[in-house]
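Student: The following file, target-v3.txt, comprises compact mmCIF, C-alpha atoms:
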# COMPACT_ATOMS: atom_id res chain seq x y z
CA MET A 9 -23.40 8.89 -15.36
CA GLY A 10 -20.88 10.38 -12.99
CA GLU A 11 -23.63 10.21 -10.38
CA LEU A 12 -22.67 6.60 -9.86
CA SER A 13 -19.67 7.72 -7.88
CA ALA A 14 -22.00 9.07 -5.21
CA PHE A 15 -22.61 5.49 -4.11
CA SER A 16 -19.17 4.68 -2.92
CA PHE A 17 -16.94 4.29 0.06
CA LEU A 18 -16.33 7.38 2.18
CA PRO A 19 -13.34 7.08 4.49
CA GLY A 20 -14.11 7.78 8.12
CA GLN A 21 -13.55 6.83 11.71
CA SER A 22 -17.09 6.20 12.91
CA ARG A 23 -18.38 3.14 14.73
CA LEU A 24 -19.86 1.76 11.53
CA HIS A 25 -16.51 2.17 9.77
CA TRP A 26 -14.75 0.16 12.47
CA LEU A 27 -17.36 -2.57 12.64
CA ASP A 28 -16.50 -5.95 11.12
CA ALA A 29 -17.81 -6.15 7.53
CA ARG A 30 -19.34 -9.57 8.22
CA ILE A 31 -21.54 -8.12 10.95
CA LYS A 32 -22.56 -5.19 8.78
CA LEU A 33 -23.56 -7.54 5.99
CA LEU A 34 -25.49 -9.75 8.41
CA GLY A 35 -27.17 -6.65 9.83
CA LEU A 36 -28.22 -5.49 6.36
CA LEU A 37 -29.75 -8.87 5.53
CA LEU A 38 -31.53 -9.09 8.89
CA ILE A 39 -32.92 -5.55 8.66
CA SER A 40 -34.14 -6.28 5.12
CA LEU A 41 -35.92 -9.44 6.21
CA LEU A 42 -37.30 -7.97 9.44
CA SER A 43 -38.72 -4.90 7.76
CA LEU A 44 -40.83 -7.10 5.47
CA GLY A 45 -43.56 -7.88 7.93
CA ALA A 46 -42.91 -4.89 10.17
CA GLY A 47 -45.69 -2.65 11.46
CA GLY A 48 -45.50 1.04 12.34
CA VAL A 49 -43.81 0.66 15.75
CA SER A 50 -41.03 -1.63 14.49
CA LEU A 51 -40.45 0.65 11.51
CA ALA A 52 -40.18 3.64 13.83
CA VAL A 53 -37.57 1.77 15.90
CA LEU A 54 -35.62 0.86 12.76
CA SER A 55 -35.85 4.44 11.46
CA VAL A 56 -34.42 5.85 14.68
CA ILE A 57 -31.55 3.35 14.47
CA MET A 58 -30.88 4.28 10.84
CA ILE A 59 -30.87 8.01 11.60
CA VAL A 60 -28.52 7.53 14.57
CA LEU A 61 -26.15 5.36 12.51
CA ALA A 62 -26.23 7.79 9.57
CA ALA A 63 -25.49 10.73 11.85
CA ASP A 64 -22.67 8.83 13.56
CA SER A 65 -21.04 7.81 10.28
CA GLY A 66 -21.01 11.42 9.11
CA LEU A 67 -23.69 11.04 6.47
CA SER A 68 -26.06 13.99 6.50
CA LEU A 69 -29.76 13.56 5.85
CA ILE A 70 -29.56 16.11 3.04
CA ARG A 71 -26.92 14.03 1.29
CA LEU A 72 -29.00 10.86 1.78
CA ALA A 73 -32.04 12.58 0.32
CA ALA A 74 -30.00 13.83 -2.64
CA GLU A 75 -28.76 10.31 -3.39
CA LEU A 76 -32.23 8.86 -3.11
CA ARG A 77 -33.95 11.44 -5.31
CA TYR A 78 -34.72 8.98 -8.12
CA PHE A 79 -35.85 6.39 -5.68
CA PHE A 80 -38.52 8.72 -4.34
CA PHE A 81 -40.34 8.58 -7.68
CA LEU A 82 -40.55 4.81 -7.39
CA LEU A 83 -41.83 5.15 -3.82
CA LEU A 84 -44.45 7.65 -4.95
CA LEU A 85 -45.58 5.24 -7.66
CA VAL A 86 -45.93 2.38 -5.18
CA PHE A 87 -47.78 4.67 -2.77
CA ILE A 88 -50.27 5.80 -5.42
CA ALA A 89 -50.84 2.25 -6.68
CA ARG A 90 -51.42 1.00 -3.15
CA SER A 91 -53.76 3.76 -2.05
CA LEU A 92 -55.86 3.47 -5.21
CA SER A 93 -56.21 -0.28 -5.29
CA THR A 94 -56.88 -1.21 -1.65
CA PRO A 95 -60.59 -1.43 -0.82
CA GLY A 96 -61.87 0.10 2.40
CA GLU A 97 -63.37 3.22 3.93
CA THR A 98 -63.36 5.97 1.31
CA VAL A 99 -61.63 9.26 2.05
CA TRP A 100 -61.87 10.93 -1.31
CA GLN A 101 -63.72 9.95 -4.44
CA TRP A 102 -63.84 11.20 -8.01
CA ARG A 103 -65.75 9.13 -10.54
CA LEU A 104 -64.10 5.68 -10.55
CA ILE A 105 -61.09 6.70 -8.49
CA HIS A 106 -61.44 6.35 -4.76
CA ILE A 107 -58.79 6.52 -2.08
CA SER A 108 -59.29 4.51 1.08
CA VAL A 109 -57.89 4.90 4.57
CA GLU A 110 -56.55 1.34 4.46
CA GLY A 111 -54.89 2.05 1.13
CA LEU A 112 -53.14 5.16 2.43
CA VAL A 113 -51.90 3.33 5.51
CA SER A 114 -50.65 0.26 3.64
CA GLY A 115 -49.03 2.43 0.95
CA LEU A 116 -47.23 4.42 3.61
CA LEU A 117 -46.02 1.23 5.33
CA VAL A 118 -44.69 -0.31 2.10
CA CYS A 119 -42.80 2.87 1.19
CA TRP A 120 -41.41 3.19 4.70
CA ARG A 121 -40.10 -0.40 4.59
CA LEU A 122 -38.43 0.08 1.22
CA LEU A 123 -36.86 3.34 2.34
CA ILE A 124 -35.34 1.77 5.46
CA VAL A 125 -33.80 -1.10 3.52
CA ILE A 126 -32.34 1.24 0.90
CA VAL A 127 -30.85 3.50 3.56
CA ALA A 128 -29.33 0.46 5.28
CA GLY A 129 -27.72 -0.58 1.98
CA LEU A 130 -26.35 2.92 1.43
CA LEU A 131 -24.87 2.95 4.93
CA LEU A 132 -23.09 -0.34 4.24
CA VAL A 133 -21.59 0.90 0.97
CA HIS A 134 -20.56 4.24 2.45
CA THR A 135 -18.74 2.77 5.42
CA THR A 136 -17.16 -0.38 3.98
CA ARG A 137 -14.44 -0.87 1.38
CA ILE A 138 -15.37 -3.12 -1.55
CA SER A 139 -12.54 -5.52 -0.70
CA ARG A 140 -14.01 -5.90 2.78
CA ILE A 141 -17.51 -6.55 1.45
CA THR A 142 -16.29 -9.18 -1.00
CA GLY A 143 -14.14 -10.68 1.75
CA ALA A 144 -17.20 -10.96 3.97
CA VAL A 145 -19.18 -12.53 1.11
CA ARG A 146 -16.39 -15.05 0.63
CA TRP A 147 -16.48 -15.84 4.33
CA TYR A 148 -20.24 -16.48 4.24
CA LEU A 149 -20.11 -18.50 1.01
CA ARG A 150 -17.33 -20.79 2.20
CA PRO A 151 -19.58 -23.45 3.84
CA ILE A 152 -21.90 -23.60 0.79
CA PRO A 153 -21.03 -26.55 -1.48
CA PHE A 154 -20.54 -26.25 -5.27
CA VAL A 155 -19.83 -22.53 -5.00
CA ASN A 156 -16.28 -21.41 -5.58
CA GLU A 157 -16.22 -18.54 -3.10
CA THR A 158 -12.88 -17.18 -4.28
CA ARG A 159 -14.13 -16.92 -7.83
CA VAL A 160 -17.38 -15.28 -6.76
CA ALA A 161 -15.44 -12.71 -4.75
CA LEU A 162 -13.09 -12.07 -7.69
CA MET A 163 -16.07 -11.63 -10.01
CA MET A 164 -17.75 -9.16 -7.68
CA GLY A 165 -14.58 -7.13 -7.48
CA LEU A 166 -14.29 -7.19 -11.28
CA VAL A 167 -17.91 -6.09 -11.71
CA VAL A 168 -17.36 -3.00 -9.60
CA ARG A 169 -14.10 -2.29 -11.45
CA PHE A 170 -15.72 -2.68 -14.91
CA ILE A 171 -18.77 -0.47 -14.42
CA PRO A 172 -17.20 3.03 -14.76
CA GLY A 173 -15.09 1.92 -17.74
CA LEU A 174 -18.11 0.45 -19.51
CA LEU A 175 -20.08 3.68 -19.12
CA LEU A 176 -17.14 5.69 -20.40
CA ARG A 177 -16.70 3.44 -23.46
CA ALA A 178 -20.44 3.50 -24.16
CA LYS A 179 -20.39 7.29 -24.15
CA GLU A 180 -17.36 7.34 -26.47
CA THR A 181 -18.99 4.93 -28.89
CA ALA A 182 -22.28 6.84 -28.82
CA ASP A 183 -20.40 10.10 -29.50
CA ALA A 184 -18.53 8.49 -32.37
CA GLN A 185 -21.80 7.29 -33.90
CA ARG A 186 -23.38 10.70 -33.41
CA ALA A 187 -20.44 12.29 -35.21
CA ARG A 188 -21.25 9.96 -38.12
CA GLY A 189 -24.84 11.18 -38.16
CA VAL A 190 -26.50 8.13 -36.62
CA GLU A 191 -29.35 10.29 -35.33
CA ASN A 192 -30.63 10.67 -38.88
CA ARG A 193 -31.30 6.95 -39.01
CA LYS A 194 -34.73 6.06 -37.71
CA ASN A 195 -34.32 2.28 -37.70
CA PRO A 196 -33.87 1.34 -34.02
CA ILE A 197 -32.38 -2.07 -34.83
CA TYR A 198 -29.73 -0.41 -36.95
CA ARG A 199 -28.94 2.05 -34.19
CA LEU A 200 -28.74 -0.65 -31.55
CA ARG A 201 -26.46 -2.68 -33.79
CA VAL A 202 -24.00 0.10 -34.61
CA LEU A 203 -23.83 1.11 -30.96
CA VAL A 204 -23.48 -2.31 -29.38
CA ILE A 205 -21.14 -4.13 -31.75
CA PRO A 206 -18.19 -1.68 -31.67
CA TRP A 207 -18.75 -1.01 -27.99
CA LEU A 208 -18.74 -4.68 -26.99
CA LYS A 209 -15.85 -5.49 -29.34
CA ASN A 210 -13.73 -2.84 -27.65
CA ILE A 211 -14.56 -3.94 -24.14
CA PHE A 212 -13.96 -7.59 -24.97
CA LEU A 213 -10.52 -6.67 -26.26
CA GLU A 214 -9.91 -4.71 -23.06
CA ALA A 215 -11.06 -7.69 -21.01
CA ASP A 216 -8.59 -9.85 -22.93
CA GLU A 217 -5.82 -7.46 -21.97
CA LEU A 218 -6.90 -7.77 -18.37
CA VAL A 219 -6.80 -11.58 -18.61
CA GLN A 220 -3.32 -11.42 -20.10
CA ALA A 221 -2.17 -9.05 -17.38
CA MET A 222 -3.56 -11.37 -14.72
CA GLN A 223 -1.92 -14.39 -16.31
CA ALA A 224 1.38 -12.58 -16.71
CA ARG A 225 1.32 -11.89 -12.99
CA GLY A 226 0.57 -15.53 -12.29
CA TYR A 227 -2.93 -14.95 -10.94
CA THR A 228 -4.38 -17.94 -9.15
CA GLY A 229 -7.28 -18.14 -6.77
CA ARG A 230 -4.88 -18.10 -3.84
CA ARG A 231 -4.83 -14.58 -2.53
CA THR A 232 -4.12 -12.88 0.74
CA GLU A 233 -7.57 -12.53 2.19
CA PRO A 234 -8.56 -9.62 4.36
CA ALA A 235 -8.13 -10.75 7.93
CA PHE A 236 -11.30 -10.60 9.97
CA SER A 237 -11.21 -10.67 13.73
CA LEU A 238 -14.06 -9.83 16.03
CA GLN A 239 -13.18 -7.11 18.55
CA ARG A 240 -15.12 -6.30 21.69
CA GLY A 241 -17.17 -3.68 19.84
CA ASP A 242 -18.13 -6.27 17.22
CA TRP A 243 -19.46 -8.62 19.87
CA VAL A 244 -21.44 -5.77 21.40
CA ALA A 245 -22.88 -4.95 17.97
CA LEU A 246 -23.71 -8.59 17.38
CA THR A 247 -25.52 -8.77 20.73
CA ILE A 248 -27.44 -5.57 20.01
CA LEU A 249 -28.37 -6.94 16.58
CA PHE A 250 -29.61 -10.17 18.14
CA CYS A 251 -31.67 -8.33 20.78
CA LEU A 252 -33.08 -6.08 18.08
CA MET A 253 -34.06 -9.10 16.04
CA VAL A 254 -35.84 -10.78 18.96
CA GLY A 255 -37.50 -7.51 19.96
CA LEU A 256 -38.75 -6.78 16.45
CA ILE A 257 -40.05 -10.30 15.93
CA TYR A 258 -41.95 -9.90 19.20
CA LEU A 259 -43.28 -6.48 18.16
CA ASN A 260 -44.37 -7.86 14.79
CA SER A 261 -46.17 -10.78 16.36
CA ILE A 262 -48.40 -8.74 18.72
CA MET B 18 -0.95 -33.11 -19.32
CA THR B 19 0.66 -30.00 -17.85
CA GLU B 20 -0.31 -28.11 -20.98
CA ASN B 21 -3.90 -29.23 -20.53
CA VAL B 22 -3.96 -27.96 -16.98
CA ILE B 23 -2.55 -24.60 -18.10
CA THR B 24 -5.04 -24.10 -20.96
CA ASP B 25 -7.87 -25.19 -18.70
CA HIS B 26 -6.78 -22.69 -16.08
CA SER B 27 -6.51 -19.88 -18.59
CA THR B 28 -9.92 -20.72 -20.10
CA GLN B 29 -11.43 -20.59 -16.63
CA LEU B 30 -9.84 -17.24 -15.93
CA ARG B 31 -10.95 -15.84 -19.28
CA MET B 32 -14.53 -17.00 -18.81
CA THR B 33 -14.50 -15.65 -15.25
CA VAL B 34 -13.52 -12.24 -16.57
CA TYR B 35 -16.07 -12.41 -19.41
CA ALA B 36 -18.85 -13.42 -17.01
CA SER B 37 -17.93 -10.52 -14.71
CA LEU B 38 -17.95 -8.27 -17.75
CA PHE B 39 -21.50 -9.35 -18.55
CA ALA B 40 -22.59 -8.90 -14.95
CA ALA B 41 -21.26 -5.34 -15.18
CA LEU B 42 -23.00 -4.90 -18.55
CA VAL B 43 -26.33 -5.96 -17.05
CA ALA B 44 -25.77 -3.38 -14.31
CA VAL B 45 -24.77 -0.68 -16.81
CA GLY B 46 -27.60 -1.64 -19.18
CA ALA B 47 -30.06 0.01 -16.82
CA PHE B 48 -28.40 3.38 -17.50
CA ILE B 49 -28.00 3.13 -21.25
CA SER B 50 -31.15 3.85 -23.14
CA ILE B 51 -31.92 4.53 -26.76
CA PRO B 52 -34.68 7.12 -26.90
CA ILE B 53 -37.27 5.81 -29.35
CA GLY B 54 -40.99 6.26 -28.91
CA PRO B 55 -42.70 6.81 -25.57
CA VAL B 56 -40.85 4.04 -23.74
CA PRO B 57 -37.08 4.26 -24.23
CA ILE B 58 -35.24 1.02 -24.91
CA VAL B 59 -33.22 0.08 -21.84
CA LEU B 60 -30.50 -2.44 -22.49
CA GLN B 61 -30.61 -4.43 -19.25
CA ASN B 62 -32.52 -7.52 -20.42
CA PHE B 63 -30.77 -7.25 -23.79
CA PHE B 64 -27.50 -8.02 -22.02
CA VAL B 65 -29.09 -10.86 -20.07
CA LEU B 66 -30.03 -12.46 -23.40
CA LEU B 67 -26.60 -11.73 -24.88
CA ALA B 68 -24.92 -13.32 -21.85
CA ALA B 69 -27.02 -16.43 -22.41
CA LEU B 70 -26.15 -16.69 -26.12
CA LEU B 71 -22.47 -15.79 -25.84
CA LEU B 72 -21.44 -17.44 -22.57
CA GLY B 73 -23.60 -20.57 -22.49
CA PRO B 74 -25.72 -21.87 -19.61
CA ARG B 75 -23.05 -22.26 -16.95
CA TRP B 76 -21.24 -18.96 -17.28
CA GLY B 77 -24.42 -17.11 -18.20
CA VAL B 78 -25.99 -18.15 -14.90
CA ALA B 79 -22.74 -17.22 -13.13
CA ALA B 80 -22.84 -13.74 -14.68
CA VAL B 81 -26.45 -13.06 -13.66
CA GLY B 82 -25.92 -14.70 -10.26
CA VAL B 83 -22.96 -12.47 -9.48
CA TYR B 84 -24.92 -9.42 -10.61
CA LEU B 85 -27.77 -10.29 -8.24
CA LEU B 86 -25.40 -11.19 -5.41
CA ALA B 87 -23.54 -7.91 -5.80
CA GLY B 88 -26.89 -6.15 -5.53
CA ILE B 89 -27.91 -8.12 -2.44
CA CYS B 90 -24.62 -7.23 -0.77
CA GLY B 91 -25.40 -3.57 -1.26
CA LEU B 92 -23.12 -2.75 -4.19
CA PRO B 93 -24.78 -0.11 -6.35
CA VAL B 94 -25.63 -2.18 -9.42
CA PHE B 95 -29.40 -2.05 -9.78
CA ALA B 96 -31.34 0.44 -11.89
CA GLY B 97 -31.22 3.94 -10.48
CA GLY B 98 -28.08 3.16 -8.51
CA THR B 99 -30.01 1.67 -5.63
CA ALA B 100 -29.06 -1.66 -4.20
CA GLY B 101 -29.70 -4.00 -1.34
CA ILE B 102 -32.01 -6.88 -0.77
CA GLY B 103 -34.87 -4.37 -0.52
CA ARG B 104 -34.76 -4.08 -4.27
CA PHE B 105 -35.95 -7.68 -4.52
CA MET B 106 -38.82 -6.94 -2.21
CA GLY B 107 -39.69 -3.84 -4.24
CA PRO B 108 -42.10 -3.76 -7.18
CA THR B 109 -39.45 -4.64 -9.77
CA GLY B 110 -37.84 -7.47 -7.82
CA GLY B 111 -39.58 -10.19 -9.82
CA TYR B 112 -37.90 -9.09 -13.04
CA LEU B 113 -34.49 -9.28 -11.38
CA LEU B 114 -35.10 -12.78 -10.02
CA GLY B 115 -36.58 -13.80 -13.37
CA TYR B 116 -33.25 -13.11 -15.10
CA LEU B 117 -31.77 -16.19 -13.48
CA PRO B 118 -34.09 -18.87 -14.95
CA ALA B 119 -34.34 -16.81 -18.15
CA VAL B 120 -30.60 -16.81 -18.81
CA PHE B 121 -30.37 -20.53 -18.15
CA VAL B 122 -33.29 -21.51 -20.37
CA THR B 123 -32.19 -19.19 -23.19
CA ALA B 124 -28.63 -20.52 -23.14
CA TRP B 125 -29.77 -24.12 -22.89
CA LEU B 126 -32.26 -23.83 -25.76
CA SER B 127 -29.73 -22.04 -27.95
CA GLN B 128 -27.15 -24.73 -27.24
CA LYS B 129 -29.62 -27.53 -27.95
CA GLY B 130 -30.68 -25.82 -31.15
CA GLY B 131 -27.13 -25.80 -32.43
CA ARG B 132 -26.84 -21.99 -32.22
CA ARG B 133 -28.75 -21.40 -35.45
CA VAL B 134 -30.45 -18.06 -36.03
CA TRP B 135 -34.02 -19.29 -35.65
CA THR B 136 -33.37 -21.39 -32.58
CA ASP B 137 -31.54 -18.43 -31.05
CA ILE B 138 -34.55 -16.21 -31.69
CA THR B 139 -36.93 -18.78 -30.20
CA ALA B 140 -34.64 -19.14 -27.18
CA MET B 141 -34.59 -15.36 -26.64
CA ILE B 142 -38.38 -15.14 -26.91
CA CYS B 143 -38.72 -17.88 -24.29
CA GLY B 144 -36.21 -16.07 -22.06
CA SER B 145 -38.08 -12.77 -22.30
CA LEU B 146 -41.37 -14.48 -21.49
CA ILE B 147 -39.82 -16.09 -18.41
CA VAL B 148 -38.71 -12.65 -17.18
CA TYR B 149 -42.30 -11.39 -17.47
CA GLY B 150 -43.63 -14.63 -15.99
CA CYS B 151 -41.70 -13.83 -12.83
CA GLY B 152 -41.95 -10.03 -12.93
CA VAL B 153 -45.65 -9.42 -13.54
CA PRO B 154 -47.09 -11.62 -10.73
CA TRP B 155 -44.53 -10.08 -8.37
CA LEU B 156 -45.57 -6.58 -9.40
CA LYS B 157 -49.19 -7.58 -8.78
CA ILE B 158 -48.45 -8.90 -5.28
CA VAL B 159 -46.22 -6.04 -4.13
CA THR B 160 -48.29 -3.15 -5.41
CA GLY B 161 -51.62 -4.89 -4.94
CA MET B 162 -52.92 -3.94 -8.38
CA PRO B 163 -55.17 -6.32 -10.32
CA LEU B 164 -53.52 -8.69 -12.79
CA ALA B 165 -54.84 -6.97 -15.91
CA LYS B 166 -53.42 -3.65 -14.71
CA ALA B 167 -50.10 -5.26 -13.76
CA ILE B 168 -49.84 -6.58 -17.32
CA THR B 169 -50.65 -3.18 -18.88
CA VAL B 170 -48.11 -1.43 -16.67
CA GLY B 171 -45.43 -4.07 -16.39
CA MET B 172 -45.42 -5.90 -19.70
CA LEU B 173 -47.25 -4.41 -22.69
CA PRO B 174 -45.24 -1.15 -23.00
CA PHE B 175 -42.00 -3.12 -23.21
CA LEU B 176 -42.97 -5.75 -25.76
CA ILE B 177 -42.09 -3.65 -28.85
CA GLY B 178 -38.72 -2.80 -27.32
CA ASP B 179 -38.13 -6.47 -26.59
CA ALA B 180 -38.89 -7.46 -30.17
CA LEU B 181 -36.42 -4.81 -31.38
CA LYS B 182 -33.79 -6.03 -28.91
CA ILE B 183 -34.18 -9.62 -30.04
CA ALA B 184 -33.90 -8.55 -33.66
CA ALA B 185 -30.78 -6.52 -32.88
CA ALA B 186 -29.26 -9.32 -30.82
CA VAL B 187 -29.04 -11.58 -33.89
CA PRO B 188 -26.38 -9.57 -35.78
CA VAL B 189 -24.65 -8.65 -32.52
CA VAL B 190 -24.32 -12.29 -31.51
CA LYS B 191 -23.15 -13.17 -34.99
CA ALA B 192 -20.42 -10.53 -34.80
CA LEU B 193 -19.29 -11.29 -31.26
CA ARG B 194 -19.55 -15.05 -31.06
CA PRO B 195 -16.25 -15.63 -32.89
CA ILE B 196 -14.49 -13.36 -30.38
CA VAL B 197 -15.85 -15.11 -27.30
CA GLN B 198 -16.08 -18.68 -28.56
CA GLY B 199 -12.85 -18.57 -30.55
CA ARG B 200 -10.89 -17.77 -27.43
CA LYS B 201 -12.89 -20.13 -25.29
CA GLN B 202 -11.48 -23.17 -27.08
Write out the structure in this file as structure tokens.
Tutor:
Amino acid sequence: MGELSAFSFLPGQSRLHWLDARIKLLGLLLISLLSLGAGGVSLAVLSVIMIVLAADSGLSLIRLAAELRYFFFLLLLVFIARSLSTPGETVWQWRLIHISVEGLVSGLLVCWRLLIVIVAGLLLVHTTRISRITGAVRWYLRPIPFVNETRVALMMGLVVRFIPGLLLRAKETADAQRARGVENRKNPIYRLRVLVIPWLKNIFLEADELVQAMQARGYTGRRTEPAFSLQRGDWVALTILFCLMVGLIYLNSI
Amino acid sequence: MTENVITDHSTQLRMTVYASLFAALVAVGAFISIPIGPVPIVLQNFFVLLAALLLGPRWGVAAVGVYLLAGICGLPVFAGGTAGIGRFMGPTGGYLLGYLPAVFVTAWLSQKGGRRVWTDITAMICGSLIVYGCGVPWLKIVTGMPLAKAITVGMLPFLIGDALKIAAAVPVVKALRPIVQGRKQ
């Protein structure tokens, strides 16, 4: 459970750290969308960019691989499913199972795309403070009607704040139940009930304390927002991003 | 008048915090499993259903929406600690997107049914089916497997767990509703 902390902000001085959070968020969304229909050449371009950015922000490939170790299982699963189910020229056959060239290629492409998007997301989280990310989200949500962007940003901040505490409380409650011999009970509904009810009761009471603390401090939606201003480097990054987008769309279309 | 404004403000704040709490619970639910049988029970969709029954349609949708938005923005909230919009494009993305209509329909049905036990159960069954209705076709498209196989991989192993979760949700909701609703008014 402590592994969660691996996905967090790492202070640094790299170009990505200095870049405006709004541009980083836009870049993440664009890369995600562009990689959808991307072929091998575009993916190679994106991979080189990711590796350069990761190296520049002080994130080693070994560390990336360590953080993605669970994700690789998912990729493997997708790859196997793809290569088994796509019809085409057979490479290897055993009874009903046959692997085709087309299947291998398309499986590889799908995994490559997913990997690039995940690495891009990791880079964003590693180089940007949560307050900056939520600030950028607020900035993007502002023109959308019927969405209270301040509340959404507050909620996102609260979510991140709640997660470690929830895991800790869940472990405490599970330990308490184990001490009372819950493992001798086979009925899963009973076990779910005795775990969830005390756990949720406790965290609701804690949430109430948080509400009271916020009210006592006169919390309203009006907060000092993180100030965003685009520097010269940000404009350069935005231009590069735009060129990249046009280039990749062109590459995908030929 | 002033008093009304104050209570309204404090209700809003309380529900905002509760909805965030449920968004965090949905995120955490992916890590908390009860090892029973070959497929362990993961609590993620259990919390989606709980959010629907305890928070109502509006705040339930807000909770799930914020969870998904946090994931899109790259915060590490999805199963396995991965995040980013790529997760939606991945094989399990349909389940995530399915939570949104599921939480709304479940909450709406439960509200219409007067929050009685049987209507709650029906609402939760409908909600679970909506999640699979979005998740299984998505799994089929992304991985390219035939529909029958997508159902055997992406739906059948989880049905027993879902039935257990729905059964467990009834006493949990009964115990927690006074806490949430009592303070809501």
Student: Looking at all atoms listed in the file, which of B:Ile168, B:Val81, B:Ile142, B:Leu113 is the one that sits closest to Lys182 in chain B?
Tutor: B:Ile142
Student: With only C-alpha atoms as the atoms that count, which of B:Gly171, B:Leu86, B:Leu176, B:Val187 lies nearest to Thr136 in chain B?
Tutor: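 Looking at the shortest contact to Thr136 in chain B, the residue is B:Val187.
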Student: Suppose you want the space between CA of Arg146 in chain A and CA of Val34 in chain B; what is it in Å?
Tutor: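 One can read the CA of Arg146 in chain A to CA of Val34 in chain B distance as 17.7 Å.
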Student: From the list B:Ala119, B:Met172, B:Met162, B:Val65, which residue is nearest chain A when using all atoms listed in the file?
Tutor: B:Met162
Student: Can you tell me how far CA of Ala41 in chain B sits from CA of Ala69 in chain B, in Å to one decimal?
Tutor: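 Computed distance, CA of Ala41 in chain B to CA of Ala69 in chain B, equals 14.4 Å.
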Student: Applying 12 Å and only C-alpha atoms, which residues near Val120 in chain B remain after dropping the ones on its own chain fewer than 6 positions away? List them as an mmCIF file with C-alpha atoms, keeping the file's coordinate frame.
Tutor:
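selection_12.cif written:
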data_model
loop_
_atom_site.group_PDB
_atom_site.id
_atom_site.type_symbol
_atom_site.label_atom_id
_atom_site.label_comp_id
_atom_site.auth_asym_id
_atom_site.auth_seq_id
_atom_site.Cartn_x
_atom_site.Cartn_y
_atom_site.Cartn_z
ATOM 1 C CA PHE B 39 -21.500 -9.350 -18.550
ATOM 2 C CA ALA B 40 -22.590 -8.900 -14.950
ATOM 3 C CA VAL B 43 -26.330 -5.960 -17.050
ATOM 4 C CA ASN B 62 -32.520 -7.520 -20.420
ATOM 5 C CA PHE B 63 -30.770 -7.250 -23.790
ATOM 6 C CA PHE B 64 -27.500 -8.020 -22.020
ATOM 7 C CA VAL B 65 -29.090 -10.860 -20.070
ATOM 8 C CA LEU B 66 -30.030 -12.460 -23.400
ATOM 9 C CA LEU B 67 -26.600 -11.730 -24.880
ATOM 10 C CA ALA B 68 -24.920 -13.320 -21.850
ATOM 11 C CA ALA B 69 -27.020 -16.430 -22.410
ATOM 12 C CA LEU B 70 -26.150 -16.690 -26.120
ATOM 13 C CA LEU B 71 -22.470 -15.790 -25.840
ATOM 14 C CA LEU B 72 -21.440 -17.440 -22.570
ATOM 15 C CA GLY B 73 -23.600 -20.570 -22.490
ATOM 16 C CA PRO B 74 -25.720 -21.870 -19.610
ATOM 17 C CA ARG B 75 -23.050 -22.260 -16.950
ATOM 18 C CA TRP B 76 -21.240 -18.960 -17.280
ATOM 19 C CA GLY B 77 -24.420 -17.110 -18.200
ATOM 20 C CA VAL B 78 -25.990 -18.150 -14.900
ATOM 21 C CA ALA B 79 -22.740 -17.220 -13.130
ATOM 22 C CA ALA B 80 -22.840 -13.740 -14.680
ATOM 23 C CA VAL B 81 -26.450 -13.060 -13.660
ATOM 24 C CA GLY B 82 -25.920 -14.700 -10.260
ATOM 25 C CA LEU B 113 -34.490 -9.280 -11.380
ATOM 26 C CA LEU B 114 -35.100 -12.780 -10.020
ATOM 27 C CA LEU B 126 -32.260 -23.830 -25.760
ATOM 28 C CA SER B 127 -29.730 -22.040 -27.950
ATOM 29 C CA ALA B 140 -34.640 -19.140 -27.180
ATOM 30 C CA MET B 141 -34.590 -15.360 -26.640
ATOM 31 C CA ILE B 142 -38.380 -15.140 -26.910
ATOM 32 C CA CYS B 143 -38.720 -17.880 -24.290
ATOM 33 C CA GLY B 144 -36.210 -16.070 -22.060
ATOM 34 C CA SER B 145 -38.080 -12.770 -22.300
ATOM 35 C CA LEU B 146 -41.370 -14.480 -21.490
ATOM 36 C CA ILE B 147 -39.820 -16.090 -18.410
ATOM 37 C CA VAL B 148 -38.710 -12.650 -17.180
#
Student: Quick one: distance from CA of Leu38 in chain B to CA of Ser139 in chain A in Å, one decimal?
Tutor: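 Atom-to-atom, CA of Leu38 in chain B and CA of Ser139 in chain A are spaced 18.1 Å apart.
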Student: Nearest to Tyr84 in chain B: which of A:Pro206, A:Val254, A:Val167, A:Val219 is it, counting all atoms listed in the file?
Tutor: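 Counting all atoms listed in the file, the residue closest to Tyr84 in chain B is A:Val167.
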Student: Which residues are near Thr33 in chain B? Cut-off 8 Å, only C-alpha atoms, ignore same chain within fewer than 3 positions. Put them as a compact mmCIF listing (two decimals) with C-alpha atoms, keeping the file's coordinate frame.
Tutor:
# COMPACT_ATOMS: atom_id res chain seq x y z
CA ARG A 159 -14.13 -16.92 -7.83
CA MET A 163 -16.07 -11.63 -10.01
CA GLN B 29 -11.43 -20.59 -16.63
CA LEU B 30 -9.84 -17.24 -15.93
CA ALA B 36 -18.85 -13.42 -17.01
CA SER B 37 -17.93 -10.52 -14.71
CA TRP B 76 -21.24 -18.96 -17.28
Student: Mind listing whatever residues come within 12 Å of the point (-45.9, 1.0, 7.2)? Use only C-alpha atoms, file coordinates, and give them as a count of residues only.
Tutor: 30
Student: Which of these, B:Leu42, B:Ile158, B:Gly111, B:Val189, has the shortest distance to Arg169 in chain A once you count only C-alpha atoms?
Tutor: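 For Arg169 in chain A, the nearest of the candidates is B:Leu42.
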